[in-house]
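K.L.:
Handing over input_34.cif, mmCIF, C-alpha atoms.
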```cif
data_run
loop_
_atom_site.label_atom_id
_atom_site.label_comp_id
_atom_site.auth_asym_id
_atom_site.auth_seq_id
_atom_site.Cartn_x
_atom_site.Cartn_y
_atom_site.Cartn_z
CA MET E 105 -55.03 2.39 -14.91
CA ASN E 106 -53.30 -0.84 -15.91
CA PHE E 107 -50.53 1.22 -17.45
CA LEU E 108 -49.97 3.16 -14.21
CA THR E 109 -49.98 -0.08 -12.23
CA SER E 110 -47.36 -1.55 -14.55
CA VAL E 111 -45.19 1.57 -14.23
CA LEU E 112 -45.44 1.48 -10.43
CA SER E 113 -44.66 -2.23 -10.39
CA LEU E 114 -41.63 -1.67 -12.61
CA PHE E 115 -40.44 1.18 -10.34
CA THR E 116 -40.81 -1.07 -7.29
CA LEU E 117 -38.64 -3.71 -8.91
CA SER E 118 -35.99 -1.20 -9.98
CA GLY E 119 -33.02 -0.01 -7.96
CA PHE E 120 -34.52 3.48 -7.74
CA SER E 121 -37.05 2.28 -5.19
CA ALA E 122 -34.29 1.10 -2.83
CA LEU E 123 -31.83 3.93 -3.46
CA THR E 124 -30.79 5.56 -0.19
CA THR E 125 -28.95 8.77 0.61
CA GLY E 126 -26.01 6.63 1.67
CA ASN E 127 -25.97 4.89 -1.72
CA MET E 128 -25.95 8.24 -3.50
CA ILE E 129 -23.07 9.50 -1.37
CA MET E 130 -21.04 6.37 -2.08
CA LEU E 131 -21.81 6.60 -5.81
CA LEU E 132 -20.37 10.11 -5.63
CA VAL E 133 -17.31 8.81 -3.73
CA GLY E 134 -16.81 6.18 -6.41
CA GLY E 135 -17.03 8.91 -9.05
CA VAL E 136 -14.37 10.95 -7.23
CA LEU E 137 -12.03 7.93 -7.17
CA LEU E 138 -12.59 7.45 -10.90
CA TYR E 139 -11.84 11.15 -11.47
CA LEU E 140 -8.57 10.87 -9.53
CA ALA E 141 -7.63 7.76 -11.52
CA ILE E 142 -8.60 8.89 -15.03
CA VAL E 143 -8.13 12.66 -14.98
CA LYS E 144 -5.46 13.15 -12.31
CA LYS E 145 -3.78 9.78 -13.04
CA PHE E 146 -3.30 9.04 -9.31
CA GLU E 147 -2.45 5.31 -9.15
CA PRO E 148 -5.06 4.47 -11.86
CA LEU E 149 -4.34 0.72 -11.79
CA LEU E 150 -5.76 0.68 -8.26
CA LEU E 151 -8.15 3.61 -7.95
CA LEU E 152 -10.05 2.87 -11.17
CA PRO E 153 -11.22 -0.65 -10.19
CA ILE E 154 -11.70 0.45 -6.56
CA GLY E 155 -13.88 3.38 -7.64
CA PHE E 156 -15.92 1.27 -10.03
CA GLY E 157 -16.27 -1.47 -7.41
CA ALA E 158 -17.72 1.12 -5.03
CA ILE E 159 -20.24 2.14 -7.68
CA LEU E 160 -21.22 -1.46 -8.43
CA VAL E 161 -21.87 -2.41 -4.82
CA ASN E 162 -23.94 0.72 -4.12
CA LEU E 163 -26.39 0.09 -6.95
CA PRO E 164 -29.35 -1.30 -4.95
CA LEU E 165 -30.62 -4.83 -5.54
CA GLY E 166 -27.57 -5.78 -7.64
CA GLY E 167 -26.57 -8.40 -5.08
CA LEU E 168 -22.93 -8.54 -6.17
CA MET E 169 -21.64 -8.98 -2.61
CA GLU E 170 -24.48 -11.15 -1.37
CA GLU E 171 -24.15 -14.92 -1.26
CA GLY E 172 -24.36 -16.12 -4.85
CA GLY E 173 -23.18 -12.79 -6.26
CA LEU E 174 -20.17 -12.48 -8.57
CA LEU E 175 -17.97 -10.42 -6.25
CA TYR E 176 -19.03 -12.48 -3.24
CA TYR E 177 -17.17 -15.44 -4.71
CA ILE E 178 -14.25 -13.44 -6.07
CA SER E 179 -13.73 -11.89 -2.61
CA PHE E 180 -12.81 -15.40 -1.40
CA GLY E 181 -9.31 -14.49 -2.57
CA ILE E 182 -9.21 -11.54 -0.18
CA ASN E 183 -10.92 -13.19 2.76
CA HIS E 184 -8.45 -16.09 2.67
CA GLU E 185 -5.32 -13.95 2.07
CA ILE E 186 -4.73 -15.39 -1.43
CA PHE E 187 -4.74 -12.16 -3.45
CA PRO E 188 -2.37 -10.15 -1.19
CA CYS E 189 0.21 -12.96 -1.28
CA LEU E 190 -0.02 -13.31 -5.06
CA ILE E 191 0.36 -9.54 -5.38
CA PHE E 192 3.55 -9.82 -3.34
CA MET E 193 4.89 -12.44 -5.74
CA GLY E 194 4.38 -10.03 -8.61
CA ILE E 195 5.94 -7.16 -6.66
CA GLY E 196 8.96 -9.35 -5.90
CA ALA E 197 9.37 -10.19 -9.57
CA MET E 198 9.36 -6.48 -10.43
CA THR E 199 11.64 -5.39 -7.59
CA ASP E 200 15.35 -4.74 -7.94
CA PHE E 201 16.99 -5.14 -4.53
CA GLY E 202 20.32 -4.07 -6.05
CA PRO E 203 20.27 -0.51 -4.61
CA LEU E 204 19.60 -1.93 -1.14
CA LEU E 205 22.42 -4.46 -1.44
CA ALA E 206 24.77 -1.79 -2.81
CA ASN E 207 24.11 0.46 0.19
CA PRO E 208 22.82 -1.73 3.06
CA ILE E 209 22.63 1.19 5.48
CA THR E 210 19.46 2.28 3.66
CA LEU E 211 17.76 -0.74 5.23
CA LEU E 212 17.66 1.36 8.41
CA LEU E 213 15.71 4.05 6.58
CA GLY E 214 13.05 1.51 5.66
CA ALA E 215 12.82 0.57 9.34
CA ALA E 216 12.68 4.21 10.49
CA ALA E 217 9.81 4.89 8.10
CA GLN E 218 7.64 2.49 10.10
CA LEU E 219 7.38 5.17 12.83
CA GLY E 220 3.90 6.12 11.68
CA VAL E 221 2.68 2.55 12.19
CA PHE E 222 3.35 2.73 15.91
CA VAL E 223 2.14 6.33 16.28
CA ALA E 224 -1.19 5.37 14.69
CA LEU E 225 -1.37 2.23 16.84
CA LEU E 226 -1.23 4.40 19.95
CA GLY E 227 -3.69 6.91 18.49
CA ALA E 228 -6.22 4.21 17.60
CA LYS E 229 -6.04 2.78 21.11
CA ILE E 230 -6.66 6.24 22.58
CA LEU E 231 -9.76 6.59 20.38
CA GLY E 232 -11.16 3.34 21.77
CA PHE E 233 -10.37 0.79 19.08
CA THR E 234 -9.40 -2.68 20.27
CA ILE E 235 -5.72 -3.60 20.02
CA ARG E 236 -6.42 -5.85 17.02
CA GLU E 237 -8.34 -3.08 15.25
CA ALA E 238 -5.63 -0.55 16.14
CA ALA E 239 -2.94 -2.77 14.61
CA SER E 240 -4.94 -3.08 11.37
CA ILE E 241 -5.39 0.69 11.18
CA ALA E 242 -1.77 1.41 12.05
CA ILE E 243 -0.34 -0.63 9.18
CA ILE E 244 -1.76 1.98 6.78
CA GLY E 245 1.33 4.00 7.73
CA GLY E 246 3.47 1.56 5.77
CA ALA E 247 1.72 2.62 2.53
CA ASP E 248 1.45 -1.01 1.48
CA GLY E 249 -2.04 -2.00 0.39
CA PRO E 250 -1.58 -5.79 0.16
CA THR E 251 0.00 -5.93 3.63
CA ALA E 252 -2.80 -3.79 5.06
CA ILE E 253 -5.39 -6.16 3.58
CA TYR E 254 -3.51 -9.25 4.74
CA LEU E 255 -3.23 -8.01 8.33
CA THR E 256 -6.78 -6.64 8.53
CA VAL E 257 -8.34 -9.86 7.28
CA LYS E 258 -6.45 -11.70 10.02
CA LEU E 259 -7.10 -9.29 12.90
CA ALA E 260 -10.13 -7.09 12.17
CA PRO E 261 -12.03 -8.14 9.03
CA GLN E 262 -14.92 -5.82 9.91
CA LEU E 263 -12.62 -2.86 9.12
CA LEU E 264 -11.39 -4.20 5.78
CA GLY E 265 -13.21 -1.69 3.57
CA ALA E 266 -12.08 1.44 5.39
CA VAL E 267 -8.51 0.23 5.95
CA ALA E 268 -8.01 -0.96 2.37
CA VAL E 269 -9.43 2.19 0.81
CA ALA E 270 -7.36 4.42 3.12
CA ALA E 271 -4.17 2.45 2.40
CA TYR E 272 -4.57 2.51 -1.37
CA SER E 273 -5.75 6.13 -1.42
CA TYR E 274 -2.70 7.35 0.48
CA MET E 275 -0.44 5.26 -1.75
CA SER E 276 -1.87 7.11 -4.73
CA LEU E 277 -1.52 10.50 -3.04
CA VAL E 278 2.19 10.12 -2.23
CA PRO E 279 3.15 12.93 -4.69
CA LEU E 280 0.84 15.32 -2.84
CA ILE E 281 1.39 14.32 0.79
CA GLN E 282 5.13 13.74 0.98
CA PRO E 283 6.83 16.82 -0.58
CA PRO E 284 5.57 19.39 1.99
CA ILE E 285 6.75 17.15 4.86
CA MET E 286 10.11 16.54 3.18
CA LYS E 287 10.71 20.24 2.62
CA LEU E 288 9.60 21.17 6.12
CA LEU E 289 12.08 18.80 7.75
CA THR E 290 15.12 19.47 5.54
CA THR E 291 17.20 22.51 4.68
CA PRO E 292 17.87 23.62 1.07
CA GLU E 293 21.52 22.62 1.57
CA GLU E 294 20.54 19.10 2.63
CA ARG E 295 18.23 18.69 -0.37
CA LYS E 296 21.08 19.69 -2.71
CA ILE E 297 23.39 16.88 -1.54
CA VAL E 298 24.60 14.73 -4.45
CA MET E 299 25.20 11.09 -3.49
CA LYS E 300 27.97 8.97 -4.98
CA GLN E 301 27.20 6.35 -7.61
CA LEU E 302 26.26 2.95 -6.17
CA ARG E 303 28.64 0.01 -6.50
CA PRO E 304 27.75 -2.85 -8.87
CA VAL E 305 25.98 -5.79 -7.20
CA SER E 306 27.01 -9.30 -8.23
CA ARG E 307 24.57 -11.92 -9.46
CA THR E 308 25.53 -14.15 -6.52
CA GLU E 309 24.44 -11.44 -4.06
CA ARG E 310 21.18 -10.95 -5.92
CA ILE E 311 20.37 -14.68 -5.84
CA LEU E 312 21.38 -15.26 -2.23
CA PHE E 313 19.48 -12.24 -0.87
CA PRO E 314 15.90 -13.56 -1.34
CA ILE E 315 16.87 -17.01 -0.08
CA ILE E 316 18.71 -15.83 3.05
CA SER E 317 16.11 -13.13 3.79
CA THR E 318 13.26 -15.64 3.65
CA VAL E 319 15.01 -18.08 5.97
CA LEU E 320 16.11 -15.48 8.53
CA ILE E 321 12.84 -13.53 8.64
CA GLY E 322 10.81 -16.74 8.51
CA LEU E 323 12.63 -18.18 11.49
CA LEU E 324 12.36 -14.93 13.42
CA LEU E 325 8.71 -14.19 12.53
CA PRO E 326 6.93 -17.31 11.21
CA SER E 327 3.68 -15.37 10.78
CA SER E 328 5.32 -13.22 8.10
CA VAL E 329 6.31 -16.20 5.91
CA PRO E 330 3.29 -16.01 3.51
CA ILE E 331 3.99 -12.43 2.43
CA ILE E 332 7.78 -12.37 2.74
CA GLY E 333 8.02 -15.81 1.14
CA MET E 334 5.94 -14.82 -1.89
CA LEU E 335 7.83 -11.52 -2.23
CA MET E 336 11.18 -13.28 -2.25
CA LEU E 337 9.99 -16.12 -4.49
CA GLY E 338 8.99 -13.58 -7.11
CA ASN E 339 12.36 -11.86 -6.72
CA LEU E 340 14.18 -15.18 -7.11
CA PHE E 341 12.26 -15.73 -10.36
CA ARG E 342 13.68 -12.40 -11.54
CA GLU E 343 17.26 -12.74 -10.36
CA SER E 344 17.90 -16.42 -11.17
CA LEU E 345 17.71 -15.68 -14.93
CA VAL E 346 16.63 -19.28 -15.57
CA VAL E 347 12.83 -18.94 -15.37
CA ASP E 348 12.08 -15.94 -17.56
CA ARG E 349 8.61 -17.25 -18.38
CA LEU E 350 7.68 -17.45 -14.71
CA SER E 351 9.21 -14.06 -13.98
CA ASN E 352 7.39 -12.41 -16.88
CA THR E 353 4.08 -14.03 -15.90
CA ALA E 354 4.44 -12.88 -12.28
CA GLN E 355 5.31 -9.35 -13.42
CA ASN E 356 2.54 -9.05 -15.99
CA GLU E 357 -0.36 -11.46 -16.45
CA LEU E 358 -0.56 -12.72 -12.84
CA ILE E 359 -0.25 -9.39 -11.05
CA ASN E 360 -2.59 -7.69 -13.54
CA MET E 361 -5.32 -10.28 -13.09
CA VAL E 362 -5.02 -10.33 -9.31
CA THR E 363 -4.99 -6.52 -9.17
CA ILE E 364 -8.29 -6.40 -11.08
CA PHE E 365 -9.95 -8.85 -8.70
CA LEU E 366 -8.42 -7.47 -5.50
CA ALA E 367 -9.02 -3.77 -6.25
CA THR E 368 -12.58 -4.31 -7.48
CA CYS E 369 -13.42 -6.34 -4.38
CA VAL E 370 -11.84 -3.68 -2.17
CA GLY E 371 -14.16 -1.14 -3.76
CA ALA E 372 -17.06 -3.53 -3.25
CA THR E 373 -16.43 -3.46 0.52
CA MET E 374 -17.50 0.21 0.45
CA GLN E 375 -21.17 -0.54 0.96
CA ALA E 376 -22.93 2.55 2.28
CA GLN E 377 -24.40 0.90 5.38
CA TYR E 378 -20.96 -0.26 6.51
CA PHE E 379 -18.69 2.46 5.14
CA LEU E 380 -20.52 5.66 6.06
CA THR E 381 -19.79 5.64 9.77
CA PHE E 382 -17.89 7.91 12.15
CA GLN E 383 -15.47 5.03 12.66
CA THR E 384 -14.51 5.17 8.97
CA ILE E 385 -13.68 8.88 9.29
CA GLU E 386 -11.48 8.10 12.30
CA ILE E 387 -9.66 5.38 10.33
CA ILE E 388 -9.02 7.68 7.37
CA ILE E 389 -7.67 10.43 9.65
CA LEU E 390 -5.50 7.97 11.57
CA GLY E 391 -4.21 6.58 8.28
CA LEU E 392 -3.16 10.07 7.16
CA ILE E 393 -1.41 10.66 10.50
CA ALA E 394 0.35 7.30 10.19
CA PHE E 395 1.52 8.05 6.67
CA ALA E 396 2.75 11.53 7.62
CA PHE E 397 4.72 10.22 10.60
CA SER E 398 6.22 7.42 8.52
CA THR E 399 7.45 9.97 6.00
CA ALA E 400 8.80 12.16 8.80
CA GLY E 401 10.49 9.20 10.51
CA GLY E 402 12.35 8.29 7.34
CA VAL E 403 13.47 11.87 6.66
CA LEU E 404 14.61 12.50 10.25
CA PHE E 405 16.60 9.27 10.33
CA GLY E 406 18.06 10.29 6.98
CA LYS E 407 19.25 13.51 8.61
CA LEU E 408 20.87 11.45 11.37
CA LEU E 409 22.65 9.25 8.83
CA ASN E 410 23.73 12.40 7.03
CA LYS E 411 25.50 13.57 10.20
CA ILE E 412 27.00 10.15 10.94
CA THR E 413 28.37 9.70 7.41
CA GLY E 414 29.75 13.22 7.17
CA GLY E 415 27.18 14.50 4.69
CA LYS E 416 27.16 11.55 2.29
CA ILE E 417 23.44 10.77 2.67
CA ASN E 418 20.74 13.04 1.27
CA PRO E 419 17.94 12.98 3.90
CA LEU E 420 15.28 13.09 1.17
CA ILE E 421 15.78 9.42 0.38
CA GLY E 422 14.49 8.58 3.87
CA ALA E 423 10.98 9.56 2.77
CA ALA E 424 11.13 6.69 0.28
CA GLY E 425 11.24 4.28 3.23
CA VAL E 426 7.48 3.90 2.98
CA SER E 427 6.41 0.96 0.83
CA ALA E 428 4.85 2.82 -2.10
CA VAL E 429 7.22 1.40 -4.73
CA PRO E 430 8.45 3.11 -6.87
CA MET E 431 6.36 6.25 -6.45
CA ALA E 432 7.98 7.34 -3.17
CA ALA E 433 11.45 7.00 -4.74
CA ARG E 434 10.33 9.12 -7.69
CA VAL E 435 9.07 11.79 -5.30
CA ALA E 436 12.48 11.89 -3.59
CA GLN E 437 14.09 12.25 -7.02
CA ARG E 438 11.75 15.10 -8.00
CA VAL E 439 12.18 17.07 -4.76
CA GLY E 440 15.95 16.59 -4.95
CA GLN E 441 16.10 17.88 -8.52
CA GLU E 442 14.02 20.91 -7.62
CA ALA E 443 16.80 21.87 -5.21
CA ASN E 444 19.67 20.79 -7.47
CA PRO E 445 19.11 19.95 -11.15
CA ARG E 446 22.28 17.80 -11.08
CA ASN E 447 20.83 15.62 -8.33
CA PHE E 448 19.89 12.07 -9.34
CA LEU E 449 18.50 10.33 -6.25
CA LEU E 450 16.21 7.75 -7.83
CA MET E 451 18.44 4.69 -7.51
CA HIS E 452 19.62 5.77 -4.05
CA ALA E 453 15.98 6.21 -2.97
CA MET E 454 15.08 2.75 -4.30
CA GLY E 455 17.21 1.24 -1.50
CA PRO E 456 15.02 2.50 1.36
CA ASN E 457 11.93 2.11 -0.85
CA VAL E 458 12.32 -1.66 -1.23
CA ALA E 459 13.52 -1.85 2.38
CA GLY E 460 10.18 -0.30 3.33
CA VAL E 461 8.35 -3.19 1.67
CA ILE E 462 10.28 -5.61 3.87
CA GLY E 463 9.90 -3.36 6.91
CA THR E 464 6.11 -3.14 6.62
CA ALA E 465 5.85 -6.91 6.15
CA VAL E 466 8.01 -7.43 9.24
CA ALA E 467 5.89 -4.94 11.24
CA ALA E 468 2.77 -6.87 10.18
CA GLY E 469 4.48 -10.12 11.18
CA VAL E 470 5.29 -8.73 14.63
CA MET E 471 1.67 -7.68 15.16
CA LEU E 472 0.38 -11.05 14.01
CA ALA E 473 2.79 -12.87 16.29
CA LEU E 474 1.69 -10.80 19.29
CA LEU E 475 -2.04 -10.53 18.64
CA GLN E 476 -3.24 -13.64 16.80
#
```
Here is the file; what I need is its structure written in the form of structure tokens.
P.N.:
Amino acid sequence: MNFLTSVLSLFTLSGFSALTTGNMIMLLVGGVLLYLAIVKKFEPLLLLPIGFGAILVNLPLGGLMEEGGLLYYISFGINHEIFPCLIFMGIGAMTDFGPLLANPITLLLGAAAQLGVFVALLGAKILGFTIREAASIAIIGGADGPTAIYLTVKLAPQLLGAVAVAAYSYMSLVPLIQPPIMKLLTTPEERKIVMKQLRPVSRTERILFPIISTVLIGLLLPSSVPIIGMLMLGNLFRESLVVDRLSNTAQNELINMVTIFLATCVGATMQAQYFLTFQTIEIIILGLIAFAFSTAGGVLFGKLLNKITGGKINPLIGAAGVSAVPMAARVAQRVGQEANPRNFLLMHAMGPNVAGVIGTAVAAGVMLALLQ
């Protein structure tokens, strides 16, 4: 009898006694994210810690996200916009703006690829979300996880889990989502277009670009200074050639550490009681619509530039105008080579790709300026 009482007491204290159907579903979701990361190799640096974070937070009685819990304190970096800005510094240090400077017209492709942001904004409003919630959902269309987190924390923190997971999931699924849209909107002849080699970009241009961009965008949209400023600071580390230690740290140790903390905490926002709602399904669907329209907007504007320039622009590079660097540019390269094995679009696609990073940050800055 005492033995049975001890067993029952132990069961009551274990997580099994508090395990809900919602917890089991989210444990399965976490397992799917781990499968995509490890087996399918879809953005493993992000999906692996996100998936494991989802598992951790859905183990009952663990208390990781409760006051005093490990992830509760680490999430301070998300809740106060520290991690997204530090991520941007690392991205800046890894980014080569040379292709954009060599062909500035591709900046327009990065702007055109923000179409999905505004389509999703309208769709979210129609579904009954508040304007601040709609803006947070819409930014998923930029395929930029740190910007999505930054904006959502500012405008609609209650949606952080769903928005962050949708943004990072669609970033990882770029190779699956974009090619069908690209092929649907272009002809085989357009996909075969070979673009001329880019001109060399001087060191002076490379150094002045982050400085001038920060000042101009900062004066125009002060609310975008934290993310644009950190992006361009990291890029200045890279291009100045006088602070290699800082540049290497930003590109490696810093961004790796922050990615671990940020992605794990994003996964930890996927608590069953908050995540398994009809609203989450709406956000994920709206995010997919936003991403699809952003891809389409870039490709269609690429077709327009192709006409204006007399066939010198391959419309495929417009799809790289979303912010998923460098995956979207690689997808443009792959689809182009399928049509023409002599086609090398990667460096051309990097122009709109890095322009998309700036474009999404500017779109977020506009929303913050209007809605904060």
K.L.:
Point out the residue among E:Phe313, E:Phe201, E:Phe192, E:Phe382 with the least atom-to-atom distance to Ala453 of chain E, counting only C-alpha atoms.
P.N.:
E:Phe201
K.L.:
In file coordinates, which residues lie within 7 Å of (23.4, -13.9, -12.9) using all atoms listed in the file, given as a list in words?
P.N.:
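The requested residues, written out, are Arg307, Thr308, Glu343, Ser344 and Leu345 of chain E.
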K.L.:
Using all atoms listed in the file, can you tell me which of E:Gly202, E:Ala238, E:Gly402, E:Lys296 comes closest to Pro445 of chain E?
P.N.:
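Nearest to Pro445 of chain E: E:Lys296.
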K.L.:
Under the PyMOL selection byres ((chain E and resi 140-153) around 8), which residues of this model are included? Write them out as a PyMOL selection string.
P.N.:
chain E and resi 136-139+154-157+272-273+275-277+363-364+367-368+371
K.L.:
One number please: atom CA of Ala252 of chain E to atom CA of Arg434 of chain E, in Å, one decimal.
P.N.:
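Between atom CA of Ala252 of chain E and atom CA of Arg434 of chain E the gap is 22.4 Å.
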K.L.:
Considering all atoms listed in the file, return as a PyMOL selection string whatever protein or nucleic-acid residues lie within 10 Å of Thr381 of chain E, sequence-local ones (same chain, fewer than 5 positions apart) excluded.
P.N.:
chain E and resi 266+376+386
K.L.:
Step by step, work through what the PyMOL selection byres ((chain E and resi 214-222) around 9) selects in the shown file, and finish by giving those residues as a PyMOL selection string.
P.N.:
chain E and resi 210-213+223-227+239+241-246+391+393-406+422-427+455-464+467
K.L.:
Which residue gives the smallest distance to Thr251 of chain E among E:Asn410, E:Thr373, E:Ser328, E:Thr199, with only C-alpha atoms counted?
P.N.:
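Looking at the shortest contact to Thr251 of chain E, the residue is E:Ser328.
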K.L.:
Just the number, please: distance in Å from atom CA of Asn339 of chain E to atom CA of Met198 of chain E, one decimal.
P.N.:
7.2 Å
K.L.:
Which of these residues is nearest to Tyr176 of chain E, using only C-alpha atoms: E:Ile129, E:Val370, E:Leu449, E:Met471?
P.N.:
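Smallest distance to Tyr176 of chain E is found for E:Val370.
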K.L.:
I need the output of the PyMOL selection byres ((chain E and resi 440) around 9) for this file as a PyMOL selection string; which residues are they?
P.N.:
chain E and resi 295-298+418+420-421+435-439+441-449
K.L.:
One decimal, Å: what's the distance from atom CA of Ile385 of chain E over to atom CA of Ala465 of chain E, could you say?
P.N.:
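Pair atom CA of Ile385 of chain E / atom CA of Ala465 of chain E returns 25.3 Å.
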K.L.:
May I ask which of the residues E:Val133, E:Val466, E:Ala197, E:Ala158 is the closest one to Ser327 of chain E, counting all atoms listed in the file?
P.N.:
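The closest residue to Ser327 of chain E is E:Val466.
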K.L.:
Looking at E:Met286, E:Ile182, E:Met361, E:Leu123, which one is nearest to Lys258 of chain E, with distances taken over all atoms listed in the file?
P.N.:
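Nearest to Lys258 of chain E: E:Ile182.
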K.L.:
With all atoms of segment 201-207 of chain E from the file as input, state the centre and edge lengths in Å to one decimal of the axis-aligned box that has 6 Å extra on each side, as AutoDock Vina command-line options.
P.N.:
```
--center_x 20.9 --center_y -2.3 --center_z -2.9 --size_x 19.8 --size_y 17.6 --size_z 18.2
```
K.L.:
Residues near Leu263 of chain E, anyone? I mean within 10 Å using only C-alpha atoms, not counting same-chain ones fewer than 5 positions away, as a PDB file with C-alpha atoms, in the coordinates of the input.
P.N.:
```pdb
ATOM      1  CA  GLU E 237      -8.340  -3.080  15.250  1.00  0.00           C
ATOM      2  CA  SER E 240      -4.940  -3.080  11.370  1.00  0.00           C
ATOM      3  CA  ILE E 241      -5.390   0.690  11.180  1.00  0.00           C
ATOM      4  CA  ILE E 253      -5.390  -6.160   3.580  1.00  0.00           C
ATOM      5  CA  THR E 256      -6.780  -6.640   8.530  1.00  0.00           C
ATOM      6  CA  VAL E 257      -8.340  -9.860   7.280  1.00  0.00           C
ATOM      7  CA  ALA E 268      -8.010  -0.960   2.370  1.00  0.00           C
ATOM      8  CA  THR E 373     -16.430  -3.460   0.520  1.00  0.00           C
ATOM      9  CA  TYR E 378     -20.960  -0.260   6.510  1.00  0.00           C
ATOM     10  CA  PHE E 379     -18.690   2.460   5.140  1.00  0.00           C
ATOM     11  CA  GLN E 383     -15.470   5.030  12.660  1.00  0.00           C
ATOM     12  CA  THR E 384     -14.510   5.170   8.970  1.00  0.00           C
ATOM     13  CA  ILE E 387      -9.660   5.380  10.330  1.00  0.00           C
TER      14      ILE E 387
END
```
K.L.:
Any chance you could model N, CA and C atoms for segment 256-268 of chain E and send them as an mmCIF file, keeping the file's coordinate frame?
P.N.:
```cif
data_model
loop_
_atom_site.group_PDB
_atom_site.id
_atom_site.type_symbol
_atom_site.label_atom_id
_atom_site.label_comp_id
_atom_site.auth_asym_id
_atom_site.auth_seq_id
_atom_site.Cartn_x
_atom_site.Cartn_y
_atom_site.Cartn_z
ATOM 1 N N THR E 256 -5.413 -6.956 8.099
ATOM 2 C CA THR E 256 -6.780 -6.640 8.530
ATOM 3 C C THR E 256 -7.694 -7.853 8.455
ATOM 4 N N VAL E 257 -7.543 -8.642 7.397
ATOM 5 C CA VAL E 257 -8.340 -9.860 7.280
ATOM 6 C C VAL E 257 -8.070 -10.796 8.461
ATOM 7 N N LYS E 258 -6.828 -10.828 8.910
ATOM 8 C CA LYS E 258 -6.450 -11.700 10.020
ATOM 9 C C LYS E 258 -6.941 -11.176 11.371
ATOM 10 N N LEU E 259 -6.851 -9.850 11.559
ATOM 11 C CA LEU E 259 -7.100 -9.290 12.900
ATOM 12 C C LEU E 259 -8.444 -8.595 13.057
ATOM 13 N N ALA E 260 -8.888 -7.870 12.016
ATOM 14 C CA ALA E 260 -10.130 -7.090 12.170
ATOM 15 C C ALA E 260 -10.859 -7.009 10.836
ATOM 16 N N PRO E 261 -11.404 -8.129 10.353
ATOM 17 C CA PRO E 261 -12.030 -8.140 9.030
ATOM 18 C C PRO E 261 -13.181 -7.153 8.872
ATOM 19 N N GLN E 262 -13.800 -6.768 9.977
ATOM 20 C CA GLN E 262 -14.920 -5.820 9.910
ATOM 21 C C GLN E 262 -14.459 -4.427 9.459
ATOM 22 N N LEU E 263 -13.154 -4.160 9.516
ATOM 23 C CA LEU E 263 -12.620 -2.860 9.120
ATOM 24 C C LEU E 263 -11.988 -2.892 7.724
ATOM 25 N N LEU E 264 -12.121 -4.010 7.028
ATOM 26 C CA LEU E 264 -11.390 -4.200 5.780
ATOM 27 C C LEU E 264 -11.640 -3.082 4.775
ATOM 28 N N GLY E 265 -12.893 -2.705 4.563
ATOM 29 C CA GLY E 265 -13.210 -1.690 3.570
ATOM 30 C C GLY E 265 -12.507 -0.376 3.835
ATOM 31 N N ALA E 266 -12.663 0.142 5.049
ATOM 32 C CA ALA E 266 -12.080 1.440 5.390
ATOM 33 C C ALA E 266 -10.559 1.403 5.365
ATOM 34 N N VAL E 267 -9.972 0.339 5.906
ATOM 35 C CA VAL E 267 -8.510 0.230 5.950
ATOM 36 C C VAL E 267 -7.933 0.109 4.548
ATOM 37 N N ALA E 268 -8.525 -0.751 3.718
ATOM 38 C CA ALA E 268 -8.010 -0.960 2.370
ATOM 39 C C ALA E 268 -8.111 0.301 1.528
#
```
